[in-house]
>>> print(open('structure21.txt').read())   # compact mmCIF, C-alpha atoms
# COMPACT_ATOMS: atom_id res chain seq x y z
CA MET A 1 -13.89 0.00 31.10
CA LYS A 2 -10.77 -1.74 29.85
CA PRO A 3 -8.04 0.35 28.23
CA SER A 4 -7.81 -0.38 24.53
CA GLN A 5 -5.15 -2.85 23.53
CA PRO A 6 -2.96 -2.07 20.50
CA ASN A 7 -3.45 -4.56 17.71
CA SER A 8 -0.71 -7.06 16.93
CA LEU A 9 0.40 -5.20 13.76
CA THR A 10 0.99 -2.05 15.78
CA GLN A 11 2.94 -4.03 18.35
CA GLN A 12 5.02 -5.62 15.61
CA ALA A 13 5.74 -2.20 14.06
CA ILE A 14 6.82 -0.82 17.43
CA HIS A 15 9.00 -3.87 18.04
CA LEU A 16 10.53 -3.50 14.57
CA ARG A 17 11.35 0.18 15.13
CA GLN A 18 13.05 -0.71 18.39
CA ALA A 19 14.87 -3.71 16.98
CA ILE A 20 16.48 -2.09 13.91
CA HIS A 21 19.62 -0.07 14.43
CA LEU A 22 20.92 1.91 11.43
CA ARG A 23 24.48 3.20 11.39
CA GLN A 24 27.37 4.06 9.11
CA ALA A 25 29.30 1.00 8.03
CA THR A 26 32.88 0.69 9.19
CA LEU A 27 35.87 0.04 6.93
CA GLU A 28 36.00 -3.49 8.33
CA GLU A 29 32.51 -4.11 6.95
CA ASP A 30 33.43 -3.37 3.32
CA SER A 31 33.68 -7.11 2.62
CA LEU A 32 30.17 -7.63 3.95
CA ILE A 33 28.93 -4.74 1.78
CA GLY A 34 30.57 -6.54 -1.15
CA THR A 35 28.88 -9.81 -0.26
CA HIS A 36 25.51 -8.07 -0.08
CA PHE A 37 26.11 -6.49 -3.51
CA TYR A 38 27.03 -9.89 -4.97
CA GLN A 39 23.96 -11.52 -3.39
CA MET A 40 21.75 -8.74 -4.74
CA TRP A 41 22.72 -9.74 -8.29
CA LEU A 42 22.04 -13.41 -7.58
CA ASP A 43 18.65 -12.50 -6.11
CA ASN A 44 17.90 -10.62 -9.35
CA GLU A 45 18.42 -13.80 -11.39
CA VAL A 46 21.94 -13.13 -12.60
CA PRO A 47 23.62 -16.55 -12.60
CA ALA A 48 26.83 -16.90 -10.56
CA ASP A 49 28.80 -17.58 -13.75
CA GLY A 50 27.50 -14.23 -15.04
CA LEU A 51 29.55 -12.48 -12.36
CA GLN A 52 33.30 -12.17 -12.42
CA SER A 53 35.09 -14.69 -10.22
CA ASN A 54 37.07 -11.92 -8.50
CA TRP A 55 33.89 -9.96 -7.65
CA GLN A 56 34.96 -9.28 -4.06
CA GLU A 57 38.27 -7.73 -5.15
CA ILE A 58 36.51 -5.60 -7.78
CA ILE A 59 33.95 -4.33 -5.28
CA LEU A 60 36.54 -3.54 -2.60
CA ARG A 61 38.69 -1.66 -5.13
CA PHE A 62 35.62 0.29 -6.29
CA ILE A 63 34.63 1.17 -2.71
CA LYS A 64 38.17 2.34 -1.92
CA HIS A 65 38.21 4.61 -4.98
CA ALA A 66 34.68 5.91 -4.33
CA ARG A 67 35.55 6.65 -0.69
CA GLN A 68 38.60 8.68 -1.78
CA GLU A 69 37.07 10.48 -4.76
CA LEU A 70 33.26 10.41 -4.54
CA ALA A 71 32.32 10.87 -0.85
CA TYR A 72 31.27 7.19 -0.64
CA GLN A 73 29.39 6.08 2.45
CA ALA A 74 27.68 2.82 3.32
CA PHE A 75 25.07 2.22 5.99
CA VAL A 76 24.04 -1.02 7.66
CA ALA A 77 20.95 -2.24 9.46
CA GLU A 78 21.49 -4.34 12.56
CA MET A 79 18.97 -6.55 14.29
CA GLU A 80 19.72 -8.59 17.38
CA GLY A 81 23.46 -7.93 17.04
CA GLY A 82 23.78 -8.98 13.39
CA ILE A 83 23.87 -7.01 10.16
CA VAL A 84 20.81 -7.81 8.05
CA GLY A 85 21.02 -5.16 5.34
CA SER A 86 23.13 -2.47 3.73
CA VAL A 87 23.13 0.37 1.23
CA SER A 88 25.91 2.31 -0.48
CA CYS A 89 25.84 5.84 -1.83
CA GLN A 90 28.25 8.36 -3.32
CA CYS A 91 28.47 11.40 -5.51
CA PHE A 92 27.63 10.43 -9.07
CA ALA A 93 30.62 9.88 -11.36
CA ARG A 94 29.73 11.41 -14.70
CA LEU A 95 29.18 9.28 -17.78
CA TYR A 96 30.05 12.18 -20.10
CA PRO A 97 31.86 15.54 -19.85
CA ASN A 98 30.26 17.62 -17.12
CA VAL A 99 29.63 21.09 -18.49
CA LEU A 100 26.81 21.92 -16.07
CA SER A 101 27.32 23.93 -12.90
CA GLU A 102 27.39 22.01 -9.63
CA GLU A 103 24.38 23.94 -8.36
CA TYR A 104 22.41 22.64 -11.32
CA ARG A 105 23.68 19.10 -11.38
CA LYS A 106 25.31 17.63 -8.32
CA TYR A 107 23.87 14.14 -8.35
CA GLY A 108 24.13 11.44 -5.75
CA TYR A 109 24.06 7.78 -6.67
CA LEU A 110 22.50 5.13 -4.46
CA TRP A 111 23.38 1.48 -5.03
CA GLY A 112 23.51 -1.94 -3.47
CA VAL A 113 20.35 -1.76 -1.35
CA TYR A 114 20.19 -5.24 0.12
CA VAL A 115 18.24 -6.89 2.93
CA GLU A 116 18.68 -10.55 3.82
CA PRO A 117 15.67 -12.65 2.72
CA LEU A 118 14.45 -13.50 6.24
CA HIS A 119 14.23 -9.80 7.10
CA ARG A 120 12.51 -8.47 3.97
CA GLY A 121 9.11 -6.82 4.11
CA GLN A 122 9.81 -5.14 7.46
CA GLY A 123 10.70 -1.66 6.21
CA ILE A 124 14.47 -2.12 6.47
CA ALA A 125 15.17 -1.26 2.81
CA LYS A 126 13.05 1.87 3.18
CA GLU A 127 14.99 2.96 6.27
CA LEU A 128 18.35 2.23 4.63
CA THR A 129 17.37 4.13 1.49
CA SER A 130 16.13 7.07 3.56
CA ILE A 131 19.36 7.38 5.55
CA ALA A 132 21.41 7.24 2.34
CA ILE A 133 19.23 9.97 0.79
CA ALA A 134 19.76 12.12 3.89
CA TYR A 135 23.53 11.64 3.59
CA LEU A 136 23.51 12.65 -0.09
CA LYS A 137 21.38 15.69 0.75
CA SER A 138 23.91 16.68 3.42
CA LEU A 139 26.57 16.70 0.67
CA GLY A 140 24.49 19.21 -1.28
CA CYS A 141 23.31 16.77 -3.94
CA THR A 142 20.45 18.14 -6.04
CA ARG A 143 19.14 14.75 -7.19
CA VAL A 144 19.52 11.08 -6.29
CA ILE A 145 19.81 8.45 -9.01
CA LEU A 146 19.45 4.71 -8.63
CA HIS A 147 18.78 1.73 -10.85
CA ALA A 148 15.92 -0.26 -9.36
CA SER A 149 15.31 -3.96 -9.63
CA PRO A 150 11.74 -4.93 -10.50
CA SER A 151 11.17 -5.94 -6.87
CA GLY A 152 12.60 -2.67 -5.53
CA GLN A 153 10.80 -0.31 -7.89
CA PRO A 154 7.56 -0.04 -5.84
CA LEU A 155 9.54 0.92 -2.72
CA TYR A 156 11.45 3.65 -4.54
CA GLU A 157 8.26 5.00 -6.09
CA ARG A 158 6.73 5.24 -2.59
CA LEU A 159 9.80 7.24 -1.53
CA GLY A 160 9.24 9.72 -4.38
CA PHE A 161 11.54 8.36 -7.08
CA CYS A 162 10.14 8.52 -10.59
CA ALA A 163 11.05 6.89 -13.88
CA SER A 164 13.48 8.92 -15.95
CA ASN A 165 14.39 9.23 -19.58
CA GLU A 166 17.12 6.59 -19.43
CA MET A 167 16.80 4.10 -22.24
CA ARG A 168 18.80 1.03 -23.09
CA LEU A 169 19.35 -1.29 -26.00
CA ASP A 170 20.65 -4.80 -25.42
CA LEU A 171 23.19 -5.59 -28.15
CA VAL A 172 24.04 -9.09 -27.00
CA ALA A 173 21.61 -11.68 -25.73
CA VAL A 174 22.79 -13.19 -22.44
CA SER A 175 22.37 -16.95 -22.33
CA THR A 176 21.16 -18.48 -19.09
>>> encode(input="structure21.txt", output="structure tokens")
Amino acid sequence: MKPSQPNSLTQQAIHLRQAIHLRQATLEEDSLIGTHFYQMWLDNEVPADGLQSNWQEIILRFIKHARQELAYQAFVAEMEGGIVGSVSCQCFARLYPNVLSEEYRKYGYLWGVYVEPLHRGQGIAKELTSIAIAYLKSLGCTRVILHASPSGQPLYERLGFCASNEMRLDLVAVST
């Protein structure tokens, strides 16, 4: 009797698990994190002229501030020696005066989940999101907030995220 052979999907999943290496991003990789954030907007049909020309400077300044004030951390996914994805997370900066106790409302914010197109659909975004959630939990965050793109929403729902009561009203139509 022949031993059973694993099917090709199982072999691919095992290979994927072995091939992806997740780690904290280094300071030197902030520019790459910025590039991924920029590309994420382009992939979500924001035209290049809809983004500020000094986007890299803005992102790097934001990351520097968030690292100093909001426990910012980024994580990257490496495959075959190259970075193929990233995610950023931090403590949530309040939009209004915070009168609630930290135990009740210490939120983490997850942003910039990005995986290069050739590597999508392999579970990398899920792994990046999971490691960022674990980091925020280690900070004592009581909730994680993110704003999902239409393509990312199913992934976040599978990870337990749910729609919230956030509402928006567009006051100006953006021409494309």
>>> closest_residue(input="structure21.txt", among="A:Val99, A:Val76, A:Cys91, A:Leu27", to="A:Val144", atoms="all atoms listed in the file")
A:Cys91
>>> closest_residue(input="structure21.txt", among="A:Phe62, A:Tyr72, A:Tyr156, A:Tyr114", to="A:Val87", atoms="all atoms listed in the file")
A:Tyr114
>>> closest_residue(input="structure21.txt", among="A:Ile145, A:Val115, A:Ala71, A:Arg23", to="A:Asn165", atoms="only C-alpha atoms")
A:Ile145
>>> closest_residue(input="structure21.txt", among="A:Gly85, A:Gly160, A:Gly108, A:Gly121", to="A:Leu146", atoms="all atoms listed in the file")
A:Gly108
>>> closest_atom_pairs(input="structure21.txt", of="stretch 23-135 of chain A", to="stretch 148-155 of chain A", cutoff="12 Å", atoms="only C-alpha atoms", output="CSV")
residue,atom,partner,partner_atom,distance
A:Met40,CA,A:Ser149,CA,9.4
A:Trp41,CA,A:Ser149,CA,9.5
A:Leu42,CA,A:Ser149,CA,11.8
A:Asp43,CA,A:Ser149,CA,9.8
A:Asn44,CA,A:Ser149,CA,7.2
A:Glu45,CA,A:Ser149,CA,10.5
A:Val46,CA,A:Ser149,CA,11.7
A:Tyr109,CA,A:Ala148,CA,11.8
A:Leu110,CA,A:Ala148,CA,9.8
A:Trp111,CA,A:Ala148,CA,8.8
A:Gly112,CA,A:Ala148,CA,9.8
A:Val113,CA,A:Gly152,CA,8.9
A:Tyr114,CA,A:Gly152,CA,9.8
A:Val115,CA,A:Gly152,CA,11.0
A:Arg120,CA,A:Gly152,CA,11.1
A:Gly121,CA,A:Leu155,CA,10.3
A:Gln122,CA,A:Leu155,CA,11.9
A:Gly123,CA,A:Leu155,CA,9.4
A:Ile124,CA,A:Leu155,CA,10.9
A:Ala125,CA,A:Leu155,CA,8.2
A:Lys126,CA,A:Leu155,CA,6.9
A:Glu127,CA,A:Leu155,CA,10.7
A:Leu128,CA,A:Leu155,CA,11.5
A:Thr129,CA,A:Leu155,CA,9.5
A:Ser130,CA,A:Leu155,CA,11.0
>>> write_last_selection(input="structure21.txt", atoms="C-alpha atoms", output="mmCIF file, in the coordinates of the input")
data_model
loop_
_atom_site.group_PDB
_atom_site.id
_atom_site.type_symbol
_atom_site.label_atom_id
_atom_site.label_comp_id
_atom_site.auth_asym_id
_atom_site.auth_seq_id
_atom_site.Cartn_x
_atom_site.Cartn_y
_atom_site.Cartn_z
ATOM 1 C CA MET A 40 21.750 -8.740 -4.740
ATOM 2 C CA TRP A 41 22.720 -9.740 -8.290
ATOM 3 C CA LEU A 42 22.040 -13.410 -7.580
ATOM 4 C CA ASP A 43 18.650 -12.500 -6.110
ATOM 5 C CA ASN A 44 17.900 -10.620 -9.350
ATOM 6 C CA GLU A 45 18.420 -13.800 -11.390
ATOM 7 C CA VAL A 46 21.940 -13.130 -12.600
ATOM 8 C CA TYR A 109 24.060 7.780 -6.670
ATOM 9 C CA LEU A 110 22.500 5.130 -4.460
ATOM 10 C CA TRP A 111 23.380 1.480 -5.030
ATOM 11 C CA GLY A 112 23.510 -1.940 -3.470
ATOM 12 C CA VAL A 113 20.350 -1.760 -1.350
ATOM 13 C CA TYR A 114 20.190 -5.240 0.120
ATOM 14 C CA VAL A 115 18.240 -6.890 2.930
ATOM 15 C CA ARG A 120 12.510 -8.470 3.970
ATOM 16 C CA GLY A 121 9.110 -6.820 4.110
ATOM 17 C CA GLN A 122 9.810 -5.140 7.460
ATOM 18 C CA GLY A 123 10.700 -1.660 6.210
ATOM 19 C CA ILE A 124 14.470 -2.120 6.470
ATOM 20 C CA ALA A 125 15.170 -1.260 2.810
ATOM 21 C CA LYS A 126 13.050 1.870 3.180
ATOM 22 C CA GLU A 127 14.990 2.960 6.270
ATOM 23 C CA LEU A 128 18.350 2.230 4.630
ATOM 24 C CA THR A 129 17.370 4.130 1.490
ATOM 25 C CA SER A 130 16.130 7.070 3.560
#
>>> closest_residue(input="structure21.txt", among="A:Ile83, A:Cys89, A:Ile131, A:Ala66", to="A:Glu29", atoms="only C-alpha atoms")
A:Ile83
>>> closest_residue(input="structure21.txt", among="A:Gly82, A:Gly140, A:Pro97, A:Pro117", to="A:Gln39", atoms="only C-alpha atoms")
A:Pro117
>>> atom_distance(input="structure21.txt", atom1="atom CA of A:Glu78", atom2="atom CA of A:Cys162")
28.8 Å
>>> residues_around(input="structure21.txt", residues="A:Lys106", least_positions_apart="3", cutoff="7 Å", atoms="only C-alpha atoms", output="number ranges by chain")
A: 102-103, 141-143
>>> residues_around(input="structure21.txt", residues="A:Ile63", least_positions_apart="5", cutoff="9 Å", atoms="only C-alpha atoms", output="PyMOL selection string")
chain A and resi 30+34+58+68+72-73
>>> atom_distance(input="structure21.txt", atom1="atom CA of A:Leu22", atom2="atom CA of A:His65")
24.0 Å
>>> atom_distance(input="structure21.txt", atom1="atom CA of A:Arg61", atom2="atom CA of A:Thr26")
15.6 Å
>>> decode(input="structure21.txt", residues="stretch 21-117 of chain A", atoms="C-alpha atoms", output="PDB file, in the first residue's frame")
ATOM      1  CA  HIS A  21       9.104  35.662   6.831  1.00  0.00           C
ATOM      2  CA  LEU A  22       7.344  38.323   8.925  1.00  0.00           C
ATOM      3  CA  ARG A  23       9.360  40.782  10.989  1.00  0.00           C
ATOM      4  CA  GLN A  24       9.365  44.290  12.388  1.00  0.00           C
ATOM      5  CA  ALA A  25      10.355  46.853   9.802  1.00  0.00           C
ATOM      6  CA  THR A  26      13.572  48.756  10.363  1.00  0.00           C
ATOM      7  CA  LEU A  27      13.924  52.542  10.311  1.00  0.00           C
ATOM      8  CA  GLU A  28      15.694  52.203   6.971  1.00  0.00           C
ATOM      9  CA  GLU A  29      12.538  50.654   5.512  1.00  0.00           C
ATOM     10  CA  ASP A  30      10.294  53.643   6.288  1.00  0.00           C
ATOM     11  CA  SER A  31      10.614  54.817   2.671  1.00  0.00           C
ATOM     12  CA  LEU A  32       9.444  51.432   1.423  1.00  0.00           C
ATOM     13  CA  ILE A  33       6.505  51.562   3.867  1.00  0.00           C
ATOM     14  CA  GLY A  34       5.704  54.971   2.358  1.00  0.00           C
ATOM     15  CA  THR A  35       5.879  53.599  -1.169  1.00  0.00           C
ATOM     16  CA  HIS A  36       3.530  50.768  -0.236  1.00  0.00           C
ATOM     17  CA  PHE A  37       1.075  53.271   1.295  1.00  0.00           C
ATOM     18  CA  TYR A  38       1.201  55.390  -1.868  1.00  0.00           C
ATOM     19  CA  GLN A  39       0.707  52.329  -4.084  1.00  0.00           C
ATOM     20  CA  MET A  40      -2.225  51.206  -1.933  1.00  0.00           C
ATOM     21  CA  TRP A  41      -4.067  54.428  -2.837  1.00  0.00           C
ATOM     22  CA  LEU A  42      -3.302  53.978  -6.538  1.00  0.00           C
ATOM     23  CA  ASP A  43      -4.556  50.385  -6.357  1.00  0.00           C
ATOM     24  CA  ASN A  44      -7.783  51.726  -4.840  1.00  0.00           C
ATOM     25  CA  GLU A  45      -8.397  53.914  -7.900  1.00  0.00           C
ATOM     26  CA  VAL A  46      -7.155  57.206  -6.494  1.00  0.00           C
ATOM     27  CA  PRO A  47      -5.451  58.920  -9.450  1.00  0.00           C
ATOM     28  CA  ALA A  48      -1.817  59.960  -8.967  1.00  0.00           C
ATOM     29  CA  ASP A  49      -2.800  63.625  -9.319  1.00  0.00           C
ATOM     30  CA  GLY A  50      -5.209  63.064  -6.409  1.00  0.00           C
ATOM     31  CA  LEU A  51      -2.216  62.523  -4.125  1.00  0.00           C
ATOM     32  CA  GLN A  52       0.089  65.270  -2.984  1.00  0.00           C
ATOM     33  CA  SER A  53       3.334  65.473  -4.934  1.00  0.00           C
ATOM     34  CA  ASN A  54       5.384  65.381  -1.713  1.00  0.00           C
ATOM     35  CA  TRP A  55       3.614  62.216  -0.488  1.00  0.00           C
ATOM     36  CA  GLN A  56       6.855  60.512   0.565  1.00  0.00           C
ATOM     37  CA  GLU A  57       7.882  63.443   2.782  1.00  0.00           C
ATOM     38  CA  ILE A  58       4.410  63.598   4.343  1.00  0.00           C
ATOM     39  CA  ILE A  59       4.390  59.881   5.102  1.00  0.00           C
ATOM     40  CA  LEU A  60       7.905  59.883   6.569  1.00  0.00           C
ATOM     41  CA  ARG A  61       7.062  62.872   8.778  1.00  0.00           C
ATOM     42  CA  PHE A  62       3.869  61.122   9.931  1.00  0.00           C
ATOM     43  CA  ILE A  63       5.745  57.889  10.719  1.00  0.00           C
ATOM     44  CA  LYS A  64       8.390  59.790  12.694  1.00  0.00           C
ATOM     45  CA  HIS A  65       5.719  61.530  14.784  1.00  0.00           C
ATOM     46  CA  ALA A  66       3.702  58.327  15.274  1.00  0.00           C
ATOM     47  CA  ARG A  67       6.836  56.439  16.340  1.00  0.00           C
ATOM     48  CA  GLN A  68       7.612  59.114  18.967  1.00  0.00           C
ATOM     49  CA  GLU A  69       4.082  59.723  20.241  1.00  0.00           C
ATOM     50  CA  LEU A  70       1.816  56.799  19.317  1.00  0.00           C
ATOM     51  CA  ALA A  71       3.875  53.580  19.706  1.00  0.00           C
ATOM     52  CA  TYR A  72       4.026  53.200  15.901  1.00  0.00           C
ATOM     53  CA  GLN A  73       5.326  49.923  14.524  1.00  0.00           C
ATOM     54  CA  ALA A  74       5.476  48.548  11.003  1.00  0.00           C
ATOM     55  CA  PHE A  75       5.891  44.945   9.939  1.00  0.00           C
ATOM     56  CA  VAL A  76       7.067  43.539   6.627  1.00  0.00           C
ATOM     57  CA  ALA A  77       6.650  40.242   4.816  1.00  0.00           C
ATOM     58  CA  GLU A  78       9.685  38.877   3.028  1.00  0.00           C
ATOM     59  CA  MET A  79       9.762  36.193   0.373  1.00  0.00           C
ATOM     60  CA  GLU A  80      12.918  34.979  -1.301  1.00  0.00           C
ATOM     61  CA  GLY A  81      14.940  37.847   0.169  1.00  0.00           C
ATOM     62  CA  GLY A  82      12.625  40.656  -0.937  1.00  0.00           C
ATOM     63  CA  ILE A  83       9.917  42.598   0.861  1.00  0.00           C
ATOM     64  CA  VAL A  84       6.529  41.872  -0.693  1.00  0.00           C
ATOM     65  CA  GLY A  85       4.163  43.459   1.813  1.00  0.00           C
ATOM     66  CA  SER A  86       3.829  45.695   4.838  1.00  0.00           C
ATOM     67  CA  VAL A  87       1.442  46.956   7.492  1.00  0.00           C
ATOM     68  CA  SER A  88       1.599  49.853   9.943  1.00  0.00           C
ATOM     69  CA  CYS A  89      -0.093  50.205  13.306  1.00  0.00           C
ATOM     70  CA  GLN A  90      -0.118  52.604  16.237  1.00  0.00           C
ATOM     71  CA  CYS A  91      -2.164  53.796  19.150  1.00  0.00           C
ATOM     72  CA  PHE A  92      -5.179  55.679  17.867  1.00  0.00           C
ATOM     73  CA  ALA A  93      -4.865  59.475  17.910  1.00  0.00           C
ATOM     74  CA  ARG A  94      -8.202  60.828  19.055  1.00  0.00           C
ATOM     75  CA  LEU A  95     -10.462  62.778  16.729  1.00  0.00           C
ATOM     76  CA  TYR A  96     -12.155  64.550  19.646  1.00  0.00           C
ATOM     77  CA  PRO A  97     -11.426  65.231  23.340  1.00  0.00           C
ATOM     78  CA  ASN A  98     -10.797  61.949  25.116  1.00  0.00           C
ATOM     79  CA  VAL A  99     -12.861  61.908  28.290  1.00  0.00           C
ATOM     80  CA  LEU A 100     -13.013  58.111  28.560  1.00  0.00           C
ATOM     81  CA  SER A 101     -10.691  56.091  30.769  1.00  0.00           C
ATOM     82  CA  GLU A 102      -7.856  54.239  29.052  1.00  0.00           C
ATOM     83  CA  GLU A 103      -9.197  50.914  30.300  1.00  0.00           C
ATOM     84  CA  TYR A 104     -12.436  51.626  28.463  1.00  0.00           C
ATOM     85  CA  ARG A 105     -11.017  53.101  25.306  1.00  0.00           C
ATOM     86  CA  LYS A 106      -7.422  52.469  24.374  1.00  0.00           C
ATOM     87  CA  TYR A 107      -7.729  51.920  20.656  1.00  0.00           C
ATOM     88  CA  GLY A 108      -5.133  50.768  18.196  1.00  0.00           C
ATOM     89  CA  TYR A 109      -5.196  51.843  14.580  1.00  0.00           C
ATOM     90  CA  LEU A 110      -4.063  49.607  11.738  1.00  0.00           C
ATOM     91  CA  TRP A 111      -3.259  51.150   8.369  1.00  0.00           C
ATOM     92  CA  GLY A 112      -1.389  50.691   5.131  1.00  0.00           C
ATOM     93  CA  VAL A 113      -1.877  46.940   4.680  1.00  0.00           C
ATOM     94  CA  TYR A 114      -0.243  46.336   1.324  1.00  0.00           C
ATOM     95  CA  VAL A 115       0.898  43.269  -0.607  1.00  0.00           C
ATOM     96  CA  GLU A 116       2.506  43.521  -4.031  1.00  0.00           C
ATOM     97  CA  PRO A 117       0.143  42.348  -6.800  1.00  0.00           C
TER      98      PRO A 117
END
